[in-house]
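The next block is input.cif, given as mmCIF, C-alpha atoms.
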data_protein
loop_
_atom_site.label_atom_id
_atom_site.label_comp_id
_atom_site.auth_asym_id
_atom_site.auth_seq_id
_atom_site.Cartn_x
_atom_site.Cartn_y
_atom_site.Cartn_z
CA MET A 1 -195.32 -279.16 188.28
CA LYS A 2 -191.78 -278.08 187.42
CA HIS A 3 -189.28 -277.04 190.08
CA PHE A 4 -185.94 -275.37 189.26
CA ILE A 5 -183.22 -275.97 191.87
CA PHE A 6 -179.92 -274.07 191.71
CA ASP A 7 -176.58 -274.41 193.38
CA VAL A 8 -175.18 -270.89 193.96
CA ASP A 9 -171.38 -270.70 194.09
CA GLY A 10 -169.98 -271.49 190.63
CA THR A 11 -173.46 -271.93 189.14
CA LEU A 12 -175.36 -268.66 189.57
CA THR A 13 -172.26 -266.69 190.59
CA PRO A 14 -168.51 -266.84 190.03
CA SER A 15 -166.87 -268.76 192.86
CA ARG A 16 -166.96 -266.72 196.10
CA ARG A 17 -168.11 -263.64 194.18
CA ASN A 18 -171.38 -261.81 193.54
CA ILE A 19 -173.88 -262.50 190.79
CA ASP A 20 -173.44 -260.62 187.51
CA PRO A 21 -175.86 -257.61 187.54
CA GLU A 22 -177.32 -258.28 184.09
CA PHE A 23 -177.81 -261.97 184.81
CA GLN A 24 -179.37 -261.04 188.15
CA LYS A 25 -182.01 -258.88 186.45
CA TRP A 26 -182.79 -261.64 183.94
CA PHE A 27 -182.89 -264.33 186.62
CA ILE A 28 -185.36 -262.38 188.74
CA LYS A 29 -187.73 -262.31 185.76
CA PHE A 30 -187.23 -266.07 185.41
CA GLN A 31 -188.10 -266.47 189.10
CA GLU A 32 -191.32 -264.52 188.62
CA GLN A 33 -192.48 -267.17 186.14
CA HIS A 34 -191.07 -270.37 187.67
CA ASN A 35 -190.75 -272.14 191.01
CA THR A 36 -187.10 -271.64 191.95
CA TYR A 37 -185.06 -272.96 194.87
CA LEU A 38 -181.48 -272.40 195.98
CA VAL A 39 -179.34 -275.14 197.56
CA THR A 40 -175.85 -274.21 198.69
CA GLY A 41 -173.22 -275.17 201.22
CA SER A 42 -172.98 -271.53 202.30
CA ASP A 43 -174.95 -269.95 205.13
CA LYS A 44 -177.73 -267.38 204.71
CA SER A 45 -175.56 -264.27 205.09
CA LYS A 46 -173.06 -265.40 202.45
CA THR A 47 -175.83 -266.39 200.03
CA LEU A 48 -177.53 -263.02 200.46
CA GLU A 49 -174.20 -261.32 199.79
CA GLN A 50 -173.71 -263.29 196.58
CA VAL A 51 -177.16 -263.28 194.97
CA GLY A 52 -178.84 -260.29 196.65
CA SER A 53 -182.01 -260.09 198.72
CA VAL A 54 -184.41 -260.04 195.74
CA VAL A 55 -183.15 -263.32 194.24
CA TYR A 56 -182.99 -264.85 197.72
CA ASN A 57 -186.54 -263.85 198.65
CA PHE A 58 -188.06 -264.74 195.27
CA ALA A 59 -186.98 -268.34 195.82
CA VAL A 60 -189.74 -270.60 197.13
CA ARG A 61 -187.20 -271.96 199.61
CA VAL A 62 -183.48 -271.55 200.18
CA TYR A 63 -181.59 -274.57 201.44
CA ASN A 64 -178.49 -273.16 203.09
CA CYS A 65 -175.76 -275.39 204.49
CA SER A 66 -176.74 -278.17 202.05
CA GLY A 67 -180.26 -278.23 203.47
CA SER A 68 -179.42 -278.10 207.18
CA SER A 69 -180.64 -274.50 207.43
CA VAL A 70 -183.88 -273.94 205.52
CA TRP A 71 -185.43 -270.53 204.83
CA GLU A 72 -188.57 -269.07 203.29
CA GLN A 73 -187.68 -265.39 202.96
CA ASP A 74 -187.09 -264.31 206.60
CA LYS A 75 -188.76 -267.37 208.12
CA ASN A 76 -186.41 -270.07 209.41
CA VAL A 77 -188.15 -273.37 208.63
CA TYR A 78 -185.46 -275.65 210.07
CA THR A 79 -181.91 -275.48 211.44
CA SER A 80 -179.73 -278.39 212.54
CA ASP A 81 -177.71 -278.17 215.78
CA TRP A 82 -175.09 -280.78 214.77
CA GLN A 83 -171.46 -280.20 215.81
CA LEU A 84 -168.22 -281.69 214.51
CA THR A 85 -166.66 -284.24 216.90
CA GLU A 86 -163.32 -283.54 218.55
CA SER A 87 -161.67 -286.56 216.93
CA ALA A 88 -162.77 -285.45 213.45
CA ALA A 89 -161.49 -281.92 214.13
CA ASP A 90 -158.15 -283.37 215.28
CA PHE A 91 -157.82 -285.38 212.06
CA LEU A 92 -158.49 -282.30 209.90
CA THR A 93 -156.02 -280.26 211.94
CA THR A 94 -153.40 -282.91 211.22
CA CYS A 95 -154.23 -282.67 207.50
CA LEU A 96 -153.77 -278.91 207.73
CA THR A 97 -150.42 -279.27 209.47
CA GLU A 98 -149.12 -281.87 207.01
CA SER A 99 -150.32 -280.16 203.81
CA GLU A 100 -147.58 -279.28 201.31
CA PHE A 101 -149.39 -276.01 200.60
CA VAL A 102 -147.61 -273.62 202.95
CA LEU A 103 -149.82 -270.53 202.68
CA ARG A 104 -152.29 -270.08 205.57
CA THR A 105 -154.82 -267.22 205.72
CA GLY A 106 -156.95 -268.20 208.74
CA LEU A 107 -160.52 -269.45 209.24
CA HIS A 108 -159.67 -273.02 208.27
CA PHE A 109 -162.79 -274.29 210.05
CA GLU A 110 -166.02 -272.44 209.33
CA HIS A 111 -168.85 -273.76 211.50
CA ARG A 112 -172.28 -273.48 209.89
CA PRO A 113 -175.66 -274.91 210.91
CA GLY A 114 -175.46 -278.69 210.51
CA MET A 115 -172.04 -278.69 208.86
CA VAL A 116 -168.43 -277.50 208.85
CA ASN A 117 -166.44 -276.17 205.90
CA PHE A 118 -162.74 -277.06 206.09
CA SER A 119 -160.12 -275.26 203.99
CA VAL A 120 -156.36 -275.71 203.93
CA VAL A 121 -155.67 -272.24 202.55
CA GLY A 122 -158.39 -270.74 204.77
CA ARG A 123 -161.53 -268.82 203.96
CA ASN A 124 -159.78 -265.48 204.52
CA ALA A 125 -157.80 -266.03 201.30
CA THR A 126 -157.83 -263.39 198.59
CA LEU A 127 -158.81 -264.30 195.03
CA GLY A 128 -155.13 -264.56 194.13
CA GLU A 129 -154.38 -266.80 197.11
CA ARG A 130 -157.38 -268.97 196.26
CA LYS A 131 -156.09 -269.31 192.70
CA LEU A 132 -152.75 -270.54 194.02
CA TYR A 133 -154.50 -273.18 196.09
CA VAL A 134 -156.70 -274.27 193.16
CA GLU A 135 -153.55 -274.85 191.10
CA HIS A 136 -152.05 -276.86 193.97
CA ASP A 137 -155.25 -278.89 194.43
CA VAL A 138 -155.56 -279.67 190.71
CA ARG A 139 -151.94 -280.82 190.69
CA ILE A 140 -152.05 -283.22 193.66
CA ASN A 141 -155.81 -283.76 194.21
CA GLU A 142 -155.46 -282.83 197.87
CA ARG A 143 -159.10 -282.17 198.75
CA ASN A 144 -160.34 -285.43 197.27
CA ARG A 145 -157.62 -287.34 199.13
CA ILE A 146 -158.54 -285.69 202.45
CA ALA A 147 -162.26 -286.30 201.88
CA LYS A 148 -161.70 -289.96 201.00
CA ALA A 149 -159.55 -290.54 204.09
CA PHE A 150 -162.07 -288.71 206.28
CA ASN A 151 -164.98 -290.83 204.99
CA THR A 152 -163.03 -294.01 205.71
CA LEU A 153 -162.15 -292.98 209.25
CA PHE A 154 -165.54 -291.45 210.17
CA PRO A 155 -168.29 -293.53 208.51
CA ASP A 156 -171.06 -291.73 210.42
CA MET A 157 -170.07 -288.46 208.75
CA GLU A 158 -169.62 -287.36 205.15
CA ALA A 159 -166.97 -285.15 203.54
CA ARG A 160 -167.49 -283.70 200.06
CA VAL A 161 -165.48 -281.27 197.98
CA GLY A 162 -167.30 -277.93 197.74
CA GLY A 163 -166.47 -274.77 195.84
CA GLU A 164 -162.85 -274.14 194.80
CA THR A 165 -160.94 -274.54 198.06
CA GLY A 166 -163.14 -276.18 200.69
CA ILE A 167 -164.47 -279.49 201.93
CA ASP A 168 -168.02 -279.66 203.34
CA ILE A 169 -168.49 -282.02 206.29
CA PHE A 170 -171.82 -283.09 207.80
CA PRO A 171 -173.62 -286.11 209.28
CA LYS A 172 -173.91 -289.08 206.93
CA GLY A 173 -176.80 -288.50 204.53
CA ASN A 174 -177.22 -284.81 205.34
CA ASN A 175 -175.93 -283.79 201.93
CA LYS A 176 -177.88 -281.80 199.34
CA SER A 177 -180.07 -284.80 198.56
CA GLN A 178 -181.87 -284.31 201.89
CA ILE A 179 -183.90 -281.48 200.35
CA LEU A 180 -185.89 -284.00 198.29
CA ARG A 181 -188.01 -284.67 201.37
CA ASP A 182 -189.85 -281.45 200.49
CA PHE A 183 -190.73 -282.42 196.91
CA ASP A 184 -193.50 -284.59 195.49
CA PRO A 185 -192.04 -287.53 193.50
CA LYS A 186 -194.60 -286.76 190.79
CA ASP A 187 -193.14 -283.30 190.22
CA GLU A 188 -190.43 -282.58 187.63
CA ILE A 189 -187.12 -281.29 188.99
CA HIS A 190 -184.51 -279.36 187.00
CA PHE A 191 -181.26 -279.15 188.98
CA PHE A 192 -178.32 -276.90 188.02
CA GLY A 193 -174.91 -277.40 189.63
CA ASP A 194 -171.20 -277.18 188.90
CA ALA A 195 -169.98 -280.03 191.15
CA MET A 196 -171.84 -283.04 189.73
CA HIS A 197 -168.75 -285.32 189.73
CA PRO A 198 -168.78 -288.17 192.29
CA GLU A 199 -166.68 -286.28 194.84
CA GLY A 200 -168.63 -283.01 194.43
CA ASN A 201 -171.27 -281.67 196.79
CA ASP A 202 -173.90 -281.54 194.00
CA TYR A 203 -173.48 -285.24 193.20
CA PRO A 204 -175.72 -286.77 195.93
CA LEU A 205 -178.70 -284.69 194.80
CA LYS A 206 -177.98 -285.42 191.14
CA LYS A 207 -177.72 -289.15 191.90
CA GLU A 208 -181.09 -289.26 193.64
CA ILE A 209 -182.81 -287.27 190.89
CA ILE A 210 -181.42 -289.48 188.12
CA ASN A 211 -181.79 -292.83 189.92
CA ASN A 212 -185.41 -292.11 190.83
CA ASP A 213 -186.34 -290.49 187.50
CA LEU A 214 -187.30 -287.23 189.20
CA GLY A 215 -186.15 -284.87 186.46
CA VAL A 216 -183.12 -283.44 184.68
CA CYS A 217 -179.67 -282.38 185.95
CA TYR A 218 -177.45 -279.80 184.24
CA ASN A 219 -173.69 -279.95 184.82
CA ILE A 220 -172.81 -276.24 184.70
CA LYS A 221 -169.40 -274.87 183.69
CA ASP A 222 -170.12 -271.39 185.07
CA TRP A 223 -172.94 -268.84 185.44
CA LYS A 224 -172.76 -267.95 181.74
CA ASP A 225 -173.41 -271.59 180.88
CA ALA A 226 -176.36 -271.62 183.32
CA TRP A 227 -177.79 -268.48 181.72
CA LYS A 228 -177.48 -269.96 178.23
CA ILE A 229 -179.35 -273.11 179.22
CA LEU A 230 -182.04 -271.17 181.08
CA LYS A 231 -182.63 -268.97 178.04
CA SER A 232 -183.20 -272.08 175.91
CA ILE A 233 -185.63 -273.46 178.49
CA SER A 234 -187.64 -270.25 178.81
CA SER A 235 -187.74 -269.36 175.10
#

Kindly return the structure encoded in the file as structure tokens.
Amino acid sequence: MKHFIFDVDGTLTPSRRNIDPEFQKWFIKFQEQHNTYLVTGSDKSKTLEQVGSVVYNFAVRVYNCSGSSVWEQDKNVYTSDWQLTESAADFLTTCLTESEFVLRTGLHFEHRPGMVNFSVVGRNATLGERKLYVEHDVRINERNRIAKAFNTLFPDMEARVGGETGIDIFPKGNNKSQILRDFDPKDEIHFFGDAMHPEGNDYPLKKEIINNDLGVCYNIKDWKDAWKILKSISS
């Protein structure tokens, strides 16, 4: 049996924005004919905002918060109660204070079930402010440096770059690969994501799929790229 698993932000939607209406209509038809799943670092409310209730509810399961908050339509299957430690929060606060990027928009720590999203610019940033931070991050590789330092200092936790401006933090091993517990190794998985590089939050799931010969992974440039590949699969 084939299972199609999709990251959301940057894969089915533009980063931090809503799904394209025409792609949404097409994707719903795809969902009617295939077993689809969503796996995202975002919580349920943000995912619903981005993809809409129909796409969300047509999914067999939605793995919010990288699999630490699991939903089947309106039924909550599982939610983690993990909390970030004070020492880890202090380290990230120091990183925020020492960052060369001076713009601050608020909501630098977003607490979600089983994880925390940390952002130097803050999750209240406008699209223009986010763009400025992306340019800064590309130039000095700030998020990867913070994540690497965090993982060295706190080996029982894991920090991974997620989206355009954030870092996802969770207990060691509670990355997107944890969702594989719900799949039969004999099944064929097709996973679509835009952060397949070693520091990205799609990488752990990709690594497990490839290393265990569980299926195929598609490194997506954007939602248009995802649509193009899906059309070729369903034709």

**Report entry** Residues matched by the PyMOL selection byres ((chain A and resi 120-134) around 6) as number ranges by chain
**Finding:** A: 96, 104-108, 119, 135-137

Excluding Asn151 of chain A and its own-chain neighbours fewer than 6 positions away, which residues fall within 12 Å of it when counting only C-alpha atoms? Please give them as a compact mmCIF listing (two decimals) with C-alpha atoms, in the coordinates of the input.
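See selection02.txt below for the written result:
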# COMPACT_ATOMS: atom_id res chain seq x y z
CA ALA A 88 -162.77 -285.45 213.45
CA PHE A 91 -157.82 -285.38 212.06
CA LEU A 92 -158.49 -282.30 209.90
CA ASN A 144 -160.34 -285.43 197.27
CA ARG A 145 -157.62 -287.34 199.13
CA MET A 157 -170.07 -288.46 208.75
CA GLU A 158 -169.62 -287.36 205.15
CA ALA A 159 -166.97 -285.15 203.54
CA ARG A 160 -167.49 -283.70 200.06
CA VAL A 161 -165.48 -281.27 197.98
CA ILE A 167 -164.47 -279.49 201.93
CA ASP A 168 -168.02 -279.66 203.34
CA ILE A 169 -168.49 -282.02 206.29
CA PHE A 170 -171.82 -283.09 207.80
CA PRO A 171 -173.62 -286.11 209.28
CA LYS A 172 -173.91 -289.08 206.93
CA GLU A 199 -166.68 -286.28 194.84

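Of the listed residues (A:Tyr218, A:Phe118, A:Tyr78, A:Trp223), A:Phe118 comes nearest to Arg143 of chain A; the distances count only C-alpha atoms.
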
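Nearest-residue note for Phe191 of chain A: choosing from A:Pro204, A:Gly173, A:Gly163, A:Pro113, the minimum distance belongs to A:Pro204, counting only C-alpha atoms.
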
**Report entry** Polymer residues at most 10 Å from Met1 of chain A, all atoms listed in the file, same-chain spacing of 3 or more positions, as number ranges by chain
**Finding:** A: 34-35, 184, 186-189

Take the PyMOL selection byres ((chain A and resi 76) around 12), run it mentally on this structure, and tell me the resulting residues as a PDB file with C-alpha atoms, in the coordinates of the input.
ATOM      1  CA  LYS A  44    -177.730-267.380 204.710  1.00  0.00           C
ATOM      2  CA  ARG A  61    -187.200-271.960 199.610  1.00  0.00           C
ATOM      3  CA  VAL A  62    -183.480-271.550 200.180  1.00  0.00           C
ATOM      4  CA  TYR A  63    -181.590-274.570 201.440  1.00  0.00           C
ATOM      5  CA  ASN A  64    -178.490-273.160 203.090  1.00  0.00           C
ATOM      6  CA  GLY A  67    -180.260-278.230 203.470  1.00  0.00           C
ATOM      7  CA  SER A  68    -179.420-278.100 207.180  1.00  0.00           C
ATOM      8  CA  SER A  69    -180.640-274.500 207.430  1.00  0.00           C
ATOM      9  CA  VAL A  70    -183.880-273.940 205.520  1.00  0.00           C
ATOM     10  CA  TRP A  71    -185.430-270.530 204.830  1.00  0.00           C
ATOM     11  CA  GLU A  72    -188.570-269.070 203.290  1.00  0.00           C
ATOM     12  CA  GLN A  73    -187.680-265.390 202.960  1.00  0.00           C
ATOM     13  CA  ASP A  74    -187.090-264.310 206.600  1.00  0.00           C
ATOM     14  CA  LYS A  75    -188.760-267.370 208.120  1.00  0.00           C
ATOM     15  CA  VAL A  77    -188.150-273.370 208.630  1.00  0.00           C
ATOM     16  CA  TYR A  78    -185.460-275.650 210.070  1.00  0.00           C
ATOM     17  CA  THR A  79    -181.910-275.480 211.440  1.00  0.00           C
ATOM     18  CA  SER A  80    -179.730-278.390 212.540  1.00  0.00           C
ATOM     19  CA  PRO A 113    -175.660-274.910 210.910  1.00  0.00           C
TER      20      PRO A 113
END

Report summary line: As a check of understanding: the span from atom CA of Arg139 of chain A to atom CA of Leu103 of chain A is 15.9 Å

Requested in this report: Do a neighbour search on segment 18-33 of chain A at 9 Å with all atoms listed in the file, toss out local chain neighbours closer than 5 positions, and write the hits as a ChimeraX atom specification.
Outcome: /A:9,12-13,49-52,54-55,58-59,223-224,227,230,234

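Note that the spacing between atom CA of Lys206 of chain A and atom CA of Ala149 of chain A amounts to 23.1 Å.
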
Query - Interatomic distance, atom CA of Asn211 of chain A to atom CA of Val60 of chain A (Å, one decimal) - result: 24.7 Å

**Report entry** Selection near Leu205 of chain A, 7 Å with only C-alpha atoms, sequence-local residues under 4 positions removed, as a count of residues only
**Finding:** 3

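Using only C-alpha atoms, the smallest distance between any of A:Arg112, A:Val39, A:Ser87, A:Tyr203 and Leu153 of chain A comes from A:Ser87.
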
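Shortest separation to Leu84 of chain A among A:Met115, A:Ala226, A:Ile220, A:Val8 occurs at residue A:Met115, atoms counted being all atoms listed in the file.
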
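Proximity ranking of A:Lys207, A:Ile233, A:His197, A:Asn117 relative to Asn219 of chain A places A:His197 first, based on only C-alpha atoms.
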
Requested in this report: Output the residue selection produced by the PyMOL selection byres ((chain A and resi 6) around 9) on the file above, formatted as a ChimeraX atom specification.
Outcome: /A:4-5,7-8,11-12,36-40,190-193

Determine the axis-aligned bounding box of all atoms of segment 29-45 of chain A present in the file, pad each side by 4 Å, and express its centre and edge lengths in Å to one decimal place as lines of an AutoDock Vina configuration file.
center_x = -182.7
center_y = -268.7
center_z = 195.3
size_x = 27.5
size_y = 20.9
size_z = 27.7

Query raised in the report: Looking at A:Gln178, A:Asn212, A:Ser232, A:Ser42, which one is nearest to Gly162 of chain A, with distances taken over all atoms listed in the file?
Result: A:Ser42
